[in-house]
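**Student:** So here's model-v7.csv, just CSV, C-alpha atoms (C1' of nucleotides):
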chain,number,residue,atom,x,y,z
A,1,MET,CA,41.2,185.9,66.2
A,2,ASP,CA,42.0,186.8,69.9
A,3,SER,CA,39.4,186.3,72.6
A,4,PRO,CA,36.7,188.9,72.6
A,5,ARG,CA,34.7,189.6,75.7
A,6,LEU,CA,31.2,188.2,75.4
A,7,ASP,CA,28.3,190.0,77.1
A,8,ARG,CA,24.8,188.6,77.7
A,9,THR,CA,23.6,189.7,74.3
A,10,ASP,CA,26.4,187.7,72.6
A,11,LEU,CA,25.5,184.7,74.7
A,12,ALA,CA,21.8,185.1,73.8
A,13,ILE,CA,22.7,185.2,70.1
A,14,LEU,CA,24.8,182.1,70.5
A,15,ALA,CA,22.0,180.3,72.4
A,16,GLU,CA,19.4,181.2,69.8
A,17,LEU,CA,21.6,180.2,66.9
A,18,GLN,CA,22.5,176.9,68.6
A,19,ARG,CA,18.8,176.2,69.0
A,20,GLU,CA,17.8,177.2,65.5
A,21,GLY,CA,20.7,177.5,63.2
A,22,ARG,CA,18.8,179.0,60.3
A,23,LEU,CA,17.1,181.8,62.1
A,24,SER,CA,16.9,184.9,59.9
A,25,ASN,CA,18.9,187.9,61.1
A,26,ALA,CA,15.6,189.8,61.4
A,27,ASP,CA,14.1,187.2,63.7
A,28,LEU,CA,17.3,186.8,65.7
A,29,ALA,CA,17.5,190.5,66.2
A,30,GLU,CA,14.0,190.6,67.5
A,31,ARG,CA,14.6,187.7,70.0
A,32,VAL,CA,17.7,189.3,71.5
A,33,LYS,CA,16.2,192.8,71.4
A,34,LEU,CA,18.6,194.4,69.0
A,35,SER,CA,18.1,196.2,65.7
A,36,PRO,CA,18.9,194.0,62.7
A,37,SER,CA,22.0,195.9,61.8
A,38,ALA,CA,23.4,195.8,65.3
A,39,CYS,CA,22.6,192.1,65.5
A,40,LEU,CA,24.2,191.4,62.1
A,41,ARG,CA,27.4,193.2,63.2
A,42,ARG,CA,27.6,191.0,66.3
A,43,VAL,CA,27.0,187.8,64.4
A,44,GLN,CA,29.7,188.7,61.9
A,45,ARG,CA,32.1,189.5,64.7
A,46,LEU,CA,31.4,186.1,66.4
A,47,GLU,CA,32.0,184.4,63.1
A,48,GLN,CA,35.2,186.2,62.4
A,49,THR,CA,36.6,185.6,65.8
A,50,GLY,CA,35.8,181.9,65.5
A,51,VAL,CA,33.4,181.7,68.4
A,52,LEU,CA,30.8,180.8,65.8
A,53,ALA,CA,32.7,178.1,64.0
A,54,GLY,CA,30.0,177.2,61.5
A,55,TYR,CA,26.5,175.8,61.0
A,56,THR,CA,25.3,172.3,60.3
A,57,ALA,CA,22.2,170.4,59.7
A,58,LEU,CA,21.1,167.8,62.2
A,59,ILE,CA,20.3,164.5,60.6
A,60,ASP,CA,18.5,161.5,62.1
A,61,PRO,CA,20.9,158.6,61.8
A,62,ALA,CA,18.2,155.9,62.2
A,63,LYS,CA,16.2,157.4,59.2
A,64,LEU,CA,19.3,157.0,57.1
A,65,GLY,CA,19.9,153.4,57.9
A,66,LEU,CA,22.8,154.2,60.3
A,67,GLY,CA,21.3,152.0,63.0
A,68,LEU,CA,24.3,151.2,65.2
A,69,GLN,CA,26.6,153.3,67.2
A,70,ALA,CA,29.5,152.3,69.4
A,71,PHE,CA,32.1,153.7,71.7
A,72,VAL,CA,35.5,152.1,71.2
A,73,ARG,CA,38.3,152.4,73.7
A,74,VAL,CA,41.7,152.1,72.1
A,75,GLN,CA,45.1,151.6,73.7
A,76,LEU,CA,48.3,152.1,71.8
A,77,ALA,CA,51.3,149.9,72.3
A,78,ARG,CA,53.6,152.9,72.6
A,79,HIS,CA,53.3,156.6,72.5
A,80,ASP,CA,56.1,157.6,70.3
A,81,ALA,CA,55.3,160.7,68.3
A,82,ASP,CA,55.1,158.7,65.0
A,83,VAL,CA,52.9,156.0,66.4
A,84,VAL,CA,50.5,158.6,67.6
A,85,ALA,CA,50.6,160.6,64.4
A,86,THR,CA,50.0,157.5,62.3
A,87,PHE,CA,47.0,156.5,64.4
A,88,THR,CA,45.4,159.9,64.6
A,89,SER,CA,45.8,160.5,60.9
A,90,ARG,CA,44.1,157.2,60.2
A,91,VAL,CA,41.3,158.0,62.6
A,92,ASN,CA,40.7,161.1,60.6
A,93,ARG,CA,40.4,159.2,57.4
A,94,TRP,CA,37.9,156.7,58.7
A,95,ASP,CA,34.5,158.0,58.0
A,96,GLU,CA,32.7,155.8,60.5
A,97,VAL,CA,34.5,157.6,63.3
A,98,VAL,CA,32.6,160.7,64.0
A,99,ALA,CA,34.6,161.7,67.1
A,100,CYS,CA,37.8,160.7,68.7
A,101,HIS,CA,39.3,162.0,72.0
A,102,ALA,CA,42.6,161.4,73.7
A,103,LEU,CA,41.7,160.7,77.4
A,104,THR,CA,43.3,160.5,80.8
A,105,GLY,CA,43.1,157.1,82.5
A,106,GLU,CA,43.6,153.6,81.3
A,107,MET,CA,42.0,154.2,77.9
A,108,ASP,CA,44.2,156.2,75.6
A,109,TYR,CA,41.6,157.0,73.0
A,110,LEU,CA,37.8,157.0,72.9
A,111,LEU,CA,36.2,156.6,69.4
A,112,HIS,CA,32.6,157.3,68.7
A,113,VAL,CA,31.6,155.1,65.7
A,114,VAL,CA,28.5,155.3,63.6
A,115,VAL,CA,27.7,152.5,61.2
A,116,GLN,CA,24.7,150.8,59.5
A,117,ASP,CA,24.8,147.5,61.4
A,118,LEU,CA,26.9,144.9,63.2
A,119,GLU,CA,28.3,143.6,59.9
A,120,HIS,CA,29.4,147.0,58.9
A,121,PHE,CA,31.0,147.5,62.4
A,122,SER,CA,32.7,144.2,62.1
A,123,ARG,CA,34.2,145.2,58.8
A,124,PHE,CA,35.4,148.5,60.3
A,125,LEU,CA,37.0,146.6,63.2
A,126,LEU,CA,38.7,143.9,61.3
A,127,ASP,CA,39.7,145.8,58.2
A,128,HIS,CA,40.6,149.1,59.8
A,129,LEU,CA,41.1,149.4,63.5
A,130,LEU,CA,42.6,146.1,64.4
A,131,ASN,CA,44.7,146.3,61.3
A,132,ALA,CA,46.2,149.6,62.3
A,133,SER,CA,49.8,149.5,63.5
A,134,GLY,CA,50.5,150.4,67.1
A,135,VAL,CA,47.0,149.4,68.4
A,136,ALA,CA,47.5,147.3,71.5
A,137,ASP,CA,44.0,146.9,72.8
A,138,VAL,CA,40.5,147.6,71.6
A,139,ASN,CA,37.3,147.4,73.6
A,140,SER,CA,33.9,148.1,72.1
A,141,SER,CA,30.6,149.1,73.8
A,142,PHE,CA,27.4,149.5,71.7
A,143,VAL,CA,24.9,152.1,72.2
A,144,LEU,CA,21.6,150.6,73.5
A,145,ARG,CA,19.8,153.9,73.9
A,146,THR,CA,20.7,157.6,73.6
A,147,VAL,CA,19.4,159.0,76.8
A,148,LYS,CA,20.4,162.6,76.0
A,149,GLN,CA,21.8,164.4,73.0
A,150,ALA,CA,22.0,168.2,73.7
A,151,ARG,CA,22.0,170.6,70.8
A,152,GLY,CA,25.5,172.0,71.4
A,153,LEU,CA,27.1,173.5,74.5
A,154,PRO,CA,25.8,174.4,77.9
A,155,LEU,CA,25.6,178.2,77.8
A,156,GLY,CA,23.6,178.7,81.0
A,157,HIS,CA,26.6,178.7,83.3
A,158,LEU,CA,28.4,181.6,81.6
A,159,GLY,CA,27.7,185.3,81.8
B,1,MET,CA,6.8,160.4,59.1
B,2,ASP,CA,7.3,157.0,57.6
B,3,SER,CA,10.6,156.1,56.0
B,4,PRO,CA,11.2,157.8,52.6
B,5,ARG,CA,13.5,156.4,50.1
B,6,LEU,CA,16.5,158.6,49.7
B,7,ASP,CA,18.3,158.8,46.3
B,8,ARG,CA,21.8,160.2,45.6
B,9,THR,CA,20.4,163.7,45.2
B,10,ASP,CA,18.9,163.6,48.7
B,11,LEU,CA,22.1,162.3,50.1
B,12,ALA,CA,24.0,165.1,48.3
B,13,ILE,CA,21.6,167.6,49.8
B,14,LEU,CA,22.1,166.2,53.3
B,15,ALA,CA,25.9,166.2,52.9
B,16,GLU,CA,25.9,169.8,51.7
B,17,LEU,CA,23.7,171.0,54.5
B,18,GLN,CA,25.7,169.1,57.0
B,19,ARG,CA,28.8,170.8,55.8
B,20,GLU,CA,27.3,174.2,55.6
B,21,GLY,CA,24.0,174.5,57.4
B,22,ARG,CA,23.1,178.0,56.3
B,23,LEU,CA,23.5,177.4,52.6
B,24,SER,CA,20.9,179.3,50.6
B,25,ASN,CA,18.5,177.2,48.6
B,26,ALA,CA,19.9,178.8,45.5
B,27,ASP,CA,23.5,177.8,46.2
B,28,LEU,CA,22.4,174.3,47.4
B,29,ALA,CA,20.4,173.8,44.2
B,30,GLU,CA,23.4,174.7,42.1
B,31,ARG,CA,25.7,172.3,44.0
B,32,VAL,CA,23.3,169.3,43.7
B,33,LYS,CA,22.4,170.3,40.1
B,34,LEU,CA,18.8,170.9,40.6
B,35,SER,CA,16.5,173.9,39.9
B,36,PRO,CA,15.9,176.0,43.0
B,37,SER,CA,12.2,175.0,43.2
B,38,ALA,CA,12.9,171.2,42.9
B,39,CYS,CA,15.7,171.6,45.5
B,40,LEU,CA,13.4,173.4,47.9
B,41,ARG,CA,10.7,170.7,47.5
B,42,ARG,CA,13.2,168.0,48.5
B,43,VAL,CA,14.6,170.0,51.5
B,44,GLN,CA,11.0,170.5,52.7
B,45,ARG,CA,10.2,166.9,52.3
B,46,LEU,CA,13.4,165.9,54.2
B,47,GLU,CA,12.4,168.3,57.0
B,48,GLN,CA,8.8,167.0,57.2
B,49,THR,CA,9.9,163.4,57.3
B,50,GLY,CA,12.3,164.1,60.1
B,51,VAL,CA,15.4,163.1,58.2
B,52,LEU,CA,16.5,166.7,58.5
B,53,ALA,CA,15.9,167.2,62.2
B,54,GLY,CA,17.0,170.8,62.5
B,55,TYR,CA,19.9,173.1,62.2
B,56,THR,CA,22.4,174.4,64.7
B,57,ALA,CA,25.4,176.7,65.1
B,58,LEU,CA,28.7,175.2,65.9
B,59,ILE,CA,30.4,177.1,68.8
B,60,ASP,CA,34.0,176.8,69.9
B,61,PRO,CA,33.8,175.8,73.6
B,62,ALA,CA,37.3,177.0,74.4
B,63,LYS,CA,36.6,180.5,73.2
B,64,LEU,CA,33.6,180.5,75.6
B,65,GLY,CA,35.6,179.5,78.6
B,66,LEU,CA,34.4,175.9,78.5
B,67,GLY,CA,37.9,174.5,78.7
B,68,LEU,CA,37.3,171.1,80.2
B,69,GLN,CA,35.5,168.1,78.8
B,70,ALA,CA,35.1,164.7,80.4
B,71,PHE,CA,33.6,161.3,79.7
B,72,VAL,CA,32.1,159.8,82.8
B,73,ARG,CA,31.2,156.2,83.1
B,74,VAL,CA,28.3,155.5,85.4
B,75,GLN,CA,27.0,152.3,86.9
B,76,LEU,CA,23.6,152.1,88.6
B,77,ALA,CA,23.1,150.0,91.7
B,78,ARG,CA,19.9,148.4,90.3
B,79,HIS,CA,18.1,148.6,87.0
B,80,ASP,CA,14.5,148.9,88.2
B,81,ALA,CA,12.4,150.9,85.9
B,82,ASP,CA,12.1,153.7,88.5
B,83,VAL,CA,15.8,153.9,89.3
B,84,VAL,CA,16.6,154.2,85.6
B,85,ALA,CA,13.8,156.7,85.0
B,86,THR,CA,15.0,158.9,87.9
B,87,PHE,CA,18.6,158.8,86.7
B,88,THR,CA,17.8,159.6,83.1
B,89,SER,CA,15.5,162.4,83.9
B,90,ARG,CA,18.1,164.0,86.1
B,91,VAL,CA,20.7,163.6,83.4
B,92,ASN,CA,18.4,165.5,81.1
B,93,ARG,CA,18.2,168.3,83.6
B,94,TRP,CA,22.0,168.7,84.1
B,95,ASP,CA,23.2,171.2,81.5
B,96,GLU,CA,26.8,170.1,81.8
B,97,VAL,CA,25.9,166.8,80.3
B,98,VAL,CA,25.8,167.3,76.5
B,99,ALA,CA,25.3,163.6,75.7
B,100,CYS,CA,24.4,160.4,77.5
B,101,HIS,CA,24.2,156.9,76.1
B,102,ALA,CA,23.2,153.6,77.7
B,103,LEU,CA,25.8,151.1,76.6
B,104,THR,CA,26.5,147.4,76.5
B,105,GLY,CA,29.3,146.1,78.7
B,106,GLU,CA,30.5,146.8,82.2
B,107,MET,CA,29.6,150.5,82.1
B,108,ASP,CA,25.9,151.2,82.2
B,109,TYR,CA,26.0,154.9,81.0
B,110,LEU,CA,28.5,157.1,79.3
B,111,LEU,CA,28.1,160.8,79.9
B,112,HIS,CA,29.9,163.5,77.9
B,113,VAL,CA,30.4,166.4,80.2
B,114,VAL,CA,31.4,170.0,79.2
B,115,VAL,CA,32.5,172.4,81.9
B,116,GLN,CA,34.6,175.5,82.5
B,117,ASP,CA,37.3,174.0,84.6
B,118,LEU,CA,38.2,171.4,87.2
B,119,GLU,CA,36.4,173.3,90.0
B,120,HIS,CA,33.2,173.4,88.0
B,121,PHE,CA,33.6,169.6,87.2
B,122,SER,CA,34.1,168.9,90.9
B,123,ARG,CA,30.9,170.8,91.8
B,124,PHE,CA,29.0,168.8,89.1
B,125,LEU,CA,30.4,165.5,90.5
B,126,LEU,CA,29.8,166.2,94.2
B,127,ASP,CA,26.6,168.2,94.0
B,128,HIS,CA,24.9,166.3,91.3
B,129,LEU,CA,26.2,163.0,90.0
B,130,LEU,CA,27.4,161.4,93.3
B,131,ASN,CA,24.4,162.8,95.0
B,132,ALA,CA,21.9,161.1,92.7
B,133,SER,CA,20.2,158.1,94.1
B,134,GLY,CA,20.9,154.7,92.5
B,135,VAL,CA,24.4,155.6,91.3
B,136,ALA,CA,26.7,152.8,92.4
B,137,ASP,CA,30.0,153.7,90.6
B,138,VAL,CA,31.4,156.7,88.7
B,139,ASN,CA,34.6,156.8,86.7
B,140,SER,CA,35.8,160.0,85.0
B,141,SER,CA,38.3,160.4,82.2
B,142,PHE,CA,39.2,163.9,81.0
B,143,VAL,CA,39.7,164.9,77.4
B,144,LEU,CA,43.4,165.7,76.8
B,145,ARG,CA,42.9,166.4,73.1
B,146,THR,CA,40.1,166.1,70.6
B,147,VAL,CA,41.7,164.2,67.7
B,148,LYS,CA,38.6,164.3,65.5
B,149,GLN,CA,35.2,165.9,65.6
B,150,ALA,CA,33.3,165.2,62.4
B,151,ARG,CA,30.6,167.5,61.4
B,152,GLY,CA,27.7,165.1,61.6
B,153,LEU,CA,27.2,161.6,60.2
B,154,PRO,CA,29.2,159.5,57.7
B,155,LEU,CA,27.1,159.7,54.5
B,156,GLY,CA,29.6,158.2,52.2
B,157,HIS,CA,28.7,154.6,52.9
B,158,LEU,CA,25.1,155.0,51.9
B,159,GLY,CA,23.5,155.2,48.5
C,1,DG,C1',9.7,183.9,35.6
C,2,DA,C1',7.6,187.3,38.8
C,3,DT,C1',7.2,189.4,43.4
C,4,DG,C1',7.6,190.3,48.0
C,5,DA,C1',10.9,189.7,51.7
C,6,DA,C1',15.3,189.2,53.3
C,7,DA,C1',20.2,190.0,53.5
C,8,DC,C1',23.9,193.2,53.1
C,9,DA,C1',26.7,197.5,52.8
C,10,DC,C1',26.9,201.9,53.6
C,11,DA,C1',26.3,206.7,56.1
C,12,DC,C1',25.4,209.3,60.2
C,13,DA,C1',23.6,210.8,64.7
C,14,DT,C1',23.4,209.1,69.4
C,15,DA,C1',24.4,206.9,73.5
C,16,DT,C1',27.5,204.6,76.7
C,17,DA,C1',31.9,203.6,79.0
D,1,DT,C1',38.1,209.2,72.9
D,2,DA,C1',36.6,205.0,71.5
D,3,DT,C1',33.1,201.7,70.9
D,4,DA,C1',28.3,200.0,70.1
D,5,DT,C1',23.8,201.2,68.8
D,6,DG,C1',19.6,202.6,66.1
D,7,DT,C1',17.9,204.5,62.0
D,8,DG,C1',17.7,205.2,57.3
D,9,DT,C1',18.8,204.2,52.3
D,10,DG,C1',19.7,201.6,48.4
D,11,DT,C1',21.2,197.4,46.0
D,12,DT,C1',21.5,192.6,45.7
D,13,DT,C1',20.0,188.2,46.5
D,14,DC,C1',16.8,185.0,48.0
D,15,DA,C1',12.4,182.3,49.0
D,16,DT,C1',8.3,181.3,47.3
D,17,DC,C1',4.4,180.8,44.3
As structure tokens, please, write out the structure in this file.
**Tutor:**
Amino acid sequence: MDSPRLDRTDLAILAELQREGRLSNADLAERVKLSPSACLRRVQRLEQTGVLAGYTALIDPAKLGLGLQAFVRVQLARHDADVVATFTSRVNRWDEVVACHALTGEMDYLLHVVVQDLEHFSRFLLDHLLNASGVADVNSSFVLRTVKQARGLPLGHLG
Amino acid sequence: MDSPRLDRTDLAILAELQREGRLSNADLAERVKLSPSACLRRVQRLEQTGVLAGYTALIDPAKLGLGLQAFVRVQLARHDADVVATFTSRVNRWDEVVACHALTGEMDYLLHVVVQDLEHFSRFLLDHLLNASGVADVNSSFVLRTVKQARGLPLGHLG
DNA sequence: GATGAAACACACATATA
DNA sequence: TATATGTGTGTTTCATC
């Protein structure tokens, strides 16, 4: 699981799989100019070393009725280990929270929340977040428009 | 491309493909208790209607040397159509910005930025963001720890 | 269910460093 | 020497009709 050096071919493989996660090994090999077996070996190595952490389907939230997204800034009252542990474990249990980061600056945590509508968000806020112990302050901003949603990471600056 | 009704089986298909994007149709069919052909028909319909927008590989940023993430709040000086259009088109060109949302509240835009290190971030800030016309204020918070990163959307509350 | 195409697991010779 | 590649073979599994 230690860090392997990645050459341009590895980066090309990652870029292609990031763009099209269900590419067949044969097509992938052709695009990165490798034989299928050599290509498969590299992909398996990337998977084993954890560089390739998995694959996922991209789903349109609006088409599912998940029409409201919000970013919620959370401050904790204290930062004892147990307060933090309790909060983060709850965050991990709340399905509506698709991402949560601890940040520098005045906001302690930034939560990315995906819900159906304002009523659903209100329930999440009142029943879960504001009800959680140790939460000192909460500040919500709703997503008006998603200007950009890249498919994965910027690989252009590497190699 | 109009909105199709989704039953529990469709949601189960989406959940499985979100969890494991390269599931074979045979395995997927077994997990959602369908015949392979019926399952394939549903998946193709979900793809055609845009509910399934694509597939992607999940890559570990740290293992690639992308060790620093930041959330950058941006305020524009004005909100003329052309100022906004210029800004959003630039955001879409900057590879380091993996996501950008227009938000309610005091911050106009929230940018999720992924870079190699502080020096790379500094270059992004000075050369690109602060250099962009119409940007009135910028406020950066760095990611100390990613507490949660869900694989996709919360599907449990639907159906 | 049938069939044509992949994936996958080997072996081995070659090339590159 | 050690590592990665290309080719080739065969078997298994899959997508698709």
**Student:** Provide as a list of chain:residue names the residues of chain A at most 12 Å from chain C, counting all atoms listed in the file.
**Tutor:**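 On the chain A side, the interface is A:Leu23, A:Ser24, A:Asn25, A:Ala26, A:Asp27, A:Pro36, A:Ser37, A:Leu40, A:Arg41, A:Gln44.
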**Student:** With distances taken over all atoms listed in the file, which of B:Gly50, B:Pro154, B:Gly65, B:Gly105 is nearest to Asp117 (chain B)?
**Tutor:**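 Nearest to Asp117 (chain B): B:Gly65.
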**Student:** How many Å lie between CA of Leu17 (chain B) and CA of Val143 (chain A), rounded to one decimal?
**Tutor:**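 CA of Leu17 (chain B) sits 25.9 Å away from CA of Val143 (chain A).
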**Student:** Counting only C-alpha atoms (C1' of nucleotides), what are the residues of chain D within 9 Å of chain B, and for each of them which pair of atoms is the nearest and at what distance in Å, to one decimal? Sort the table by chain and rising number, as a Markdown table.
**Tutor:**
| residue | atom | partner | partner_atom | distance |
| --- | --- | --- | --- | --- |
| D:DC14 | C1' | B:Ala26 | CA | 7.4 |
| D:DA15 | C1' | B:Asn25 | CA | 8.0 |
| D:DT16 | C1' | B:Ser37 | CA | 8.5 |
**Student:** Would you put the residues from that selection into a file with C-alpha atoms (C1' of nucleotides), as a compact mmCIF listing (two decimals), in the coordinates of the input?
**Tutor:**
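And here's selection.txt as it stands now:
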# COMPACT_ATOMS: atom_id res chain seq x y z
C1' DC D 14 16.80 185.00 48.00
C1' DA D 15 12.40 182.30 49.00
C1' DT D 16 8.30 181.30 47.30
**Student:** Give me, as a VMD selection string, the contact residues of chain B against chain A at a cut-off of 8 Å, counting only C-alpha atoms.
**Tutor:** chain B and resid 3 14 17 to 22 50 to 61 63 to 64 88 91 to 92 95 to 105 114 141 to 154 156
**Student:** What is the distance, in Å and to one decimal place, between CA of Phe124 (chain B) and CA of Val32 (chain A)?
**Tutor:**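 Pair CA of Phe124 (chain B) / CA of Val32 (chain A) returns 29.3 Å.
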**Student:** Please measure the separation of CA of Arg78 (chain B) and CA of Gly134 (chain B), giving the value in Å to one decimal.
**Tutor:** 6.7 Å
